[in-house]
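Visitor: Okay, here's the structure, questions in a sec.
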Amino acid sequence: MATDQFEPRIVGFLCRWCSYTGADLAGTSRIQYPPNMTPIRVMCSGRVDPTFVVQAFAEGADGVMIAGCHPGDCHYDVGNYRAMRRVPMLKNLLEQFGISPERLMLTWVSASEGRKFAADVVTFTETLRRLGPLNFAGETKATDELNLKETAPAV
Amino acid sequence: MNGTERIGVYVCHCGTNISHTVDVEAVAKYAAGLPGVALAKEYKYMCSEPGQDMIQEDIKEHDLTRVVVASCSPLMHEVTVRVAVWGAGMNPYVFQMSNIREQCSWVHSDKRAATEKAMRLVHGAVMRVSQHRELFEKEVPVHPDVMVVGAGIAGIEAALR
Amino acid sequence: MAKPKVAFYWCASCGGCEEAVVDLAEDILKVVEAVDIVLWPVALDFKLKDVEAMADGEIAVSFINGAVRLSEQEEWVQLLRRKSGLVVAFGSCSHLGGIPGLANLTTIEEIMANKYDRAPTIDNPDGTRPLPRPVVDGYELELPTPWNTVKRLDEVIEVDYYLPGCAPPPELIMTAVQAILAGELPPKGSVISPEKTLCESCPLNESKPDELVITEFKRVATSQPKPDECYLAQGFVCMGPATRSGCGERCIHGNMPCRGCFGPPPGARDQGTKLLSAIASAGAAENKDEADLFAKGFVDPAGTLYRFSVPSSILKRTLKGK
Amino acid sequence: MAMFDKTFPTLDCAACILTPKMVQVGQHPNIKLMTLSEVEALSGYVGNFKVQVRQHARYITADCTGCGECVEVCPCEHPSEFEQGMNQRRAVYRAFPQAVPNWYSIEKRGVPMCEDTCPIHTRTQGYVNLIAHGDYANALKVIRDVNPFPATLGRVCHHPCESECQRGFHDEPVAICALKRFVADWEDEQGLAPEPFKTKPNGKKVAVIGSGPAGLTAAYDLARKGYGVTIFEKYDKPGGLMRTGIPAFRLPRDVLDREINWILDHGVELKLNSPLGDVGVTLDDLESKGYDATILALGTTKGKALGIEGEELPGVVNCLEYLRNANLRDEVETGKRVSVVGGGNAAIDSARTALRYGAEEVTIIYRRTRDEMPAIGAEIIAAEHEGVKMHFLVNPVEMMDGVDGQLTKVRCQKMRLGEPDESGRRRPVPIEGEFIEVETDQCILAISQLPDLDFLVKDEDFDLTKWATLKADPHTCETGHAGVFACGDAVTGPSTVVEAMASGRQAATAVDIFLTDGDMDYMRREYHRPTDLPKMDNVRQPGLPTVKREEIPLNPDAGITLKEVELAFTEEQAVAEAKRCLVCAGCSDCRVCVDACDKGAIDHLMQDEVSEIDVGAIIVATGFELFDSREMPRYGYGRYDNVLSSLEFERMCHASGPTEGKIITKDGRAPEAVAILHCVGSRDENHLEHCSRVCCMYSLKFAHLVLDHTGAEVYNFYIDMRAFGKGYEEFYKRLLNEGVHFIRGKAAEVTNVAELPEEEGKLIVIGEDTLLGMNRRVPVDMVILSGGLKPRADADELARRLHLSCMQGDFFLEKHPKLAPVDTATDGIFLAGACQGAKDIPDSVAQGAAAAAGALVLVDRGKVVLEPITSSIDDEVCSGCKLCLQNCPYDAIEFDTEKKISKIVEELCKGCGTCVAGCPSGAATQQGFEDDQIFAEITGNLS
């Protein structure tokens, strides 16, 4: 893989009942997908607090992926519906902080959809490559001082 | 609760299933340098008898307070390691498993990237386990009746048994 | 024993906190008797050199309000830190970043362009800007430089206590002043207000149904909230559940949903995302389109969720102009 | 498995090895067998499940001995599901002789629309089907259960049932009304006098004021319940508007009298010429005479006025008065050129009556159009045939008199149709300045009627509605006066005969409850919806042949006389028309089976029972469905005769099957050549990707059965012969030796288009023989399609109810394909058999035993360990904002109203953490997934 290519760093939240099992199935089936996503196991996609997502971006993530059971299949009935309601609102908030909504992905992966899980990671990685690095955690301008001369026209 | 923990990290080869793409030694060495890590080892088969005995001895010898096992999926061997650490007197819920096989070595071919990812996963597990608290299981009674849904030959057999 | 010296200073502030001190009404007399005010730019004519002349720690307590936006303000607060025993962040701006903190959602260039080009009353074809050292009629002036990011007071100096509120209610100021004078002080760095959120003391909480469902958002600008029913249940965004109590529910009594000026309770790491999660979960959407439509109904989420606390959010500022 | 004939490879008879096990299940003391039952909801957790189970009504109680008498009399036939639709079963049926339990059950799919729409809820489908089978006596019994006027209603009812009859959506609705008349007239022609119901008088007396359809029906119901009923009628003849409103040419007097007398035969006393308020007939008199309750069924006797100029002229008369004189005294003053104002039945009847009493020209004036006329369609057509002219979209504004004060013209304003009013009909709006004048010397007003309540209004207990009708409780019919009930047109305003009867019945039911101190609330809650069966409002049977509706015969010499215009169906017509009924409700509710059952084991009013069952473990063994070969049209299944599905062939071989075990083509011949196609639907990307593991072996079994029974040539089209089990390969070798032709290649098509002479009249199976490397055309007499096994259609729904992990339309998902095939991701729930994946009987039985072992481990240990991942709420931080409550589907969060904070009920919390993410103040945390732990892992992952 070309090394100079931008390698986005993705934090993933996988629900234990469906997506994590789906990811394991992708593993046992040896389906290859890019290594950019490091998954975190939660009991349900409903457990993913928007604060986690914001914290991940603040600490340098280029993208955050939340994977849960298909609506109606949630082991706890309503968890994925809560995730489905929180994500669009969170996307609008992120956009106002200059973070493109495409950097947050909510997807449904059932326990038997290993192939779909891998495909989701591939498409998300490519999207983030197109968007380029976010590096929200990069320091602010060195002196944090605005060099006014740049903006002021020659008087 | 943080920084005062003595964490034991065990990175598994799983024969070659993990080590064929993840440089297990490098991951172990990286883990040794992480805050709170008292010792970091790698071993061919963590889920084997000797693998579990090693954990138990280390817990006693180095009085470890937390354990991280980087190997296969928790859905497979989480219970195995819980029993092992419990055997050595450590609360079974202060250990964390890091899935560097199904979600790392088996699905990535680029050795460098896979090793780096394994390191990040182990780092995440170490940071997480240092925040873990001791938890205690609850026992509940089991109702003696059983319900069989469906009365084909399989259901009939189950009911009769 | 000599009266303890007290200083009041204001950085990027609207002056509301100064008025809050005046609002103490007669109590101000008790305060004035008990202390010796050595700095109060809005009211008394002490100069920088007077403070510089003091010994370190000579001031018992400095009440600093307003966010830190300019280089001059940073210098002042660093000076006051040196000169004061205790520093109290007075009001939302110094505590959380306040309304000036909203500037972090845009860039300084945008603000300057808005101010010096696009404002309707401005005619500035050359696009001139204030310069740090302009020469006017032969005099070289020195203007403070605006920082790129608005900062909270505790991002610049160490703060001992926080007096929340926009502006802090007079009763809260009195309790703080008396506690400081009497020396019975809560642990360093604590916010002087209850830790529970507004719902605990809000009169409208009884009317909130157990299974709260918000079908669509309403805005105070476009629809009239009923005074006797929980605003959230009516569909107005109320920051109450994610904001500390202690303000006496001034806005609620004024038939206005809470806007979160007291900042988040101790358990919440980010006031905005915590409330977003709570009200989003109470939506009624059953599929993606409905969820998108519902989210679209929530106008200006950043401005509403972080009206007083952009600089204290996890993200602190927009990526643009970083 | 009970459907199979033999089983491979040992050729055991399926029933012989299965039924002993079934009987054991039926008899076993520790097994509670709940048939016709489904899981509706599940709560709780391993060891402590609470399952909500709905047991559908069987309509037959445990007293059933399985004698089958009821089946003999049941008139309803449907394709038998068990026999794959190859022969018919009755509505009351038993799937197969060895069924456990051995009782019968009745299939009630729902309430048919005809019964649901009928105001008195006549069991219409019941009597129509009895007529179809010539059982007219029982048909009448069904009708008279709710309707004492079969002959009357058979002639004059506005039959709303026919407009809702589902057959109407296919070709034309069934002529339900005419069939009722036929069977009533048949009884009369046979001279059969129907037996009145015999009931022991209960010593209570009820007075009924008014003998119209409402009053008579109320009397009929109360008399049957043992009450002593006395009817007080204002006029000198009973029947209300049936007598004074409806003319003889629609309802002959002898028919009406016969049916009224039948009601009186129930011991009902009739007092004529005694209007309410007369001496001895005031409410107080009735109470003093010992009447325990009174029903006011006064009907509408006052005509409504138009309120226009000249209405008081002598030529203007109200339709009620006009028709009363004609119908009661058989002579009425009628003009030469008569006009009738109005568009309802009363207007049509007045017009046609005027023609019969000397009018030379009759014109109807109606302010809307023909489509909006509320009169019965057939009657409007009859009136036009008799020469009645009609002016539409005109409304009278002035009655104009000539020189001698006699009516000469009716001046009418032209109208146009505006927006619909609350009744849904478009409101007529006058067109300014446009008028027409109708020459007439007599004008009959038929624009609505009102009850004559002058006497009652004086008593302050009674008041009027804004439509000037009598005010009464819409559910209990109670008026302001204790013990006095009101019903019929006096309360509802002018309506039809059958609606008045329904209102009378409601009042009678209320009186019965009132006099037996019953719970009057029944009238509000259940009176109108006694059953929770669904309405059969969407019955579509594509491909049903179209059959024209029978024409109602007309009396040739009726002409413009008082003789009856329409005649009854002939018997052939009636039976043919009755056979058009789709029997859409499954059981037509005719209840002849009730009389046939000497054990009294049949109860048509049984309801579903929902119960909550506590169990420690659950084993799901819901099996598979056969692939529907219609999805592969190229094999001609459903198009050609003699192309059979595997289950159909199993039934054909079975001794108790539709052909008693004989393998024969549709036309009864023994086949000379049979083709068996393997893998139909299986191993096919467009249908079932998986191999069904069993269709090779059962195809071999079929080959043997064909050879054994018929000696025909057998051609098996297969891809790979999968004989993987014990004794399977040996069985395959045996078939090879028995001379079966095995063609290695998937059959491409089955056609009946012959290209060679020997293919005439045969089915030709076209396929590639990959071993010979050539295409082959094999002419055969019968083709058997060995379909694959697929998940049940409702598998997804059951998975959702049991919270099994998601499977997107596949078989149930096991915990681990190799290491835990009978466990599921949810502890305490196990899988067994084909529901977990296509498999044969030995594997299914093995999994049954394995699942049982899994459950026994739990039950034997008696306790189970729960993972400590539940949530908790910190009392100090929680501020009672209640936003967490709606996140919990298990009601595991309770709001403590005194302390005004939320609390987690640990036993119910399943540890999903959704409430923790939704808590705005951070008061809630989840064990093992605390915020700080996840934040730490985020930091580590991004290092």
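Naming scheme: A, B, ... for chains in displayed order of the structure tokens; residues 1 onward per chain; ligands 1 onward as shown.
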Neighbouring residues of range 133-137 of chain B were defined as those with any atom within 9 Å, considering only C-alpha atoms; residues of the same chain fewer than 5 positions away were excluded. Please report them as a PyMOL selection string.
Guide: (chain B and resi 1+90-94) or (chain D and resi 865-869+927-928)
Visitor: With a cut-off of 7 Å and counting only C-alpha atoms, select all residues of chain B in contact with chain A and give the selection as a short mmCIF file (atom, residue, chain, number, x, y, z; two decimals) with N, CA, C and O atoms, in the first residue's frame.
Guide:
data_model
loop_
_atom_site.label_atom_id
_atom_site.label_comp_id
_atom_site.auth_asym_id
_atom_site.auth_seq_id
_atom_site.Cartn_x
_atom_site.Cartn_y
_atom_site.Cartn_z
N GLU B 102 -9.41 -11.77 15.12
CA GLU B 102 -10.52 -11.60 14.15
C GLU B 102 -10.57 -10.17 13.61
O GLU B 102 -10.95 -9.92 12.46
N GLN B 103 -10.21 -9.20 14.48
CA GLN B 103 -10.37 -7.81 14.00
C GLN B 103 -9.02 -7.16 13.72
O GLN B 103 -8.92 -5.94 13.68
N TRP B 106 -6.26 -11.27 11.09
CA TRP B 106 -6.91 -12.04 10.00
C TRP B 106 -7.43 -11.15 8.89
O TRP B 106 -7.79 -11.66 7.81
N VAL B 107 -7.59 -9.85 9.16
CA VAL B 107 -8.28 -9.01 8.16
C VAL B 107 -7.37 -7.97 7.54
O VAL B 107 -7.80 -7.17 6.72
N HIS B 108 -6.09 -7.97 7.96
CA HIS B 108 -5.18 -7.01 7.31
C HIS B 108 -3.96 -7.78 6.80
O HIS B 108 -3.48 -8.71 7.45
N ALA B 113 1.13 -2.02 9.19
CA ALA B 113 -0.12 -1.38 9.62
C ALA B 113 -0.82 -2.25 10.66
O ALA B 113 -1.32 -1.75 11.68
N ALA B 114 -0.82 -3.57 10.43
CA ALA B 114 -1.51 -4.47 11.38
C ALA B 114 -0.83 -4.40 12.75
O ALA B 114 -1.51 -4.31 13.79
N LYS B 117 -1.75 -1.21 14.40
CA LYS B 117 -3.14 -1.25 14.89
C LYS B 117 -3.19 -2.07 16.17
O LYS B 117 -3.84 -1.67 17.15
N LEU B 121 -4.59 -0.96 19.73
CA LEU B 121 -5.66 -1.69 20.44
C LEU B 121 -5.20 -2.04 21.86
O LEU B 121 -5.93 -1.86 22.84
#
Visitor: Enumerate as a list in words the residues belonging to chain D that approach chain C to within 6 Å, with only C-alpha atoms taken into account.
Guide: Val877, Ser879, Gly880, Cys881, Gln886, Gly918, Cys919, Pro920, Ser921 and Gly922 of chain D
Visitor: Distance CA of Glu372 in chain D-CA of Gly433 in chain D, one decimal place?
Guide: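 Result for CA of Glu372 in chain D versus CA of Gly433 in chain D: 24.1 Å, one decimal.
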Visitor: So how far away is CA of Asp371 in chain D from CA of Thr546 in chain D, in Å?
Guide: 27.0 Å
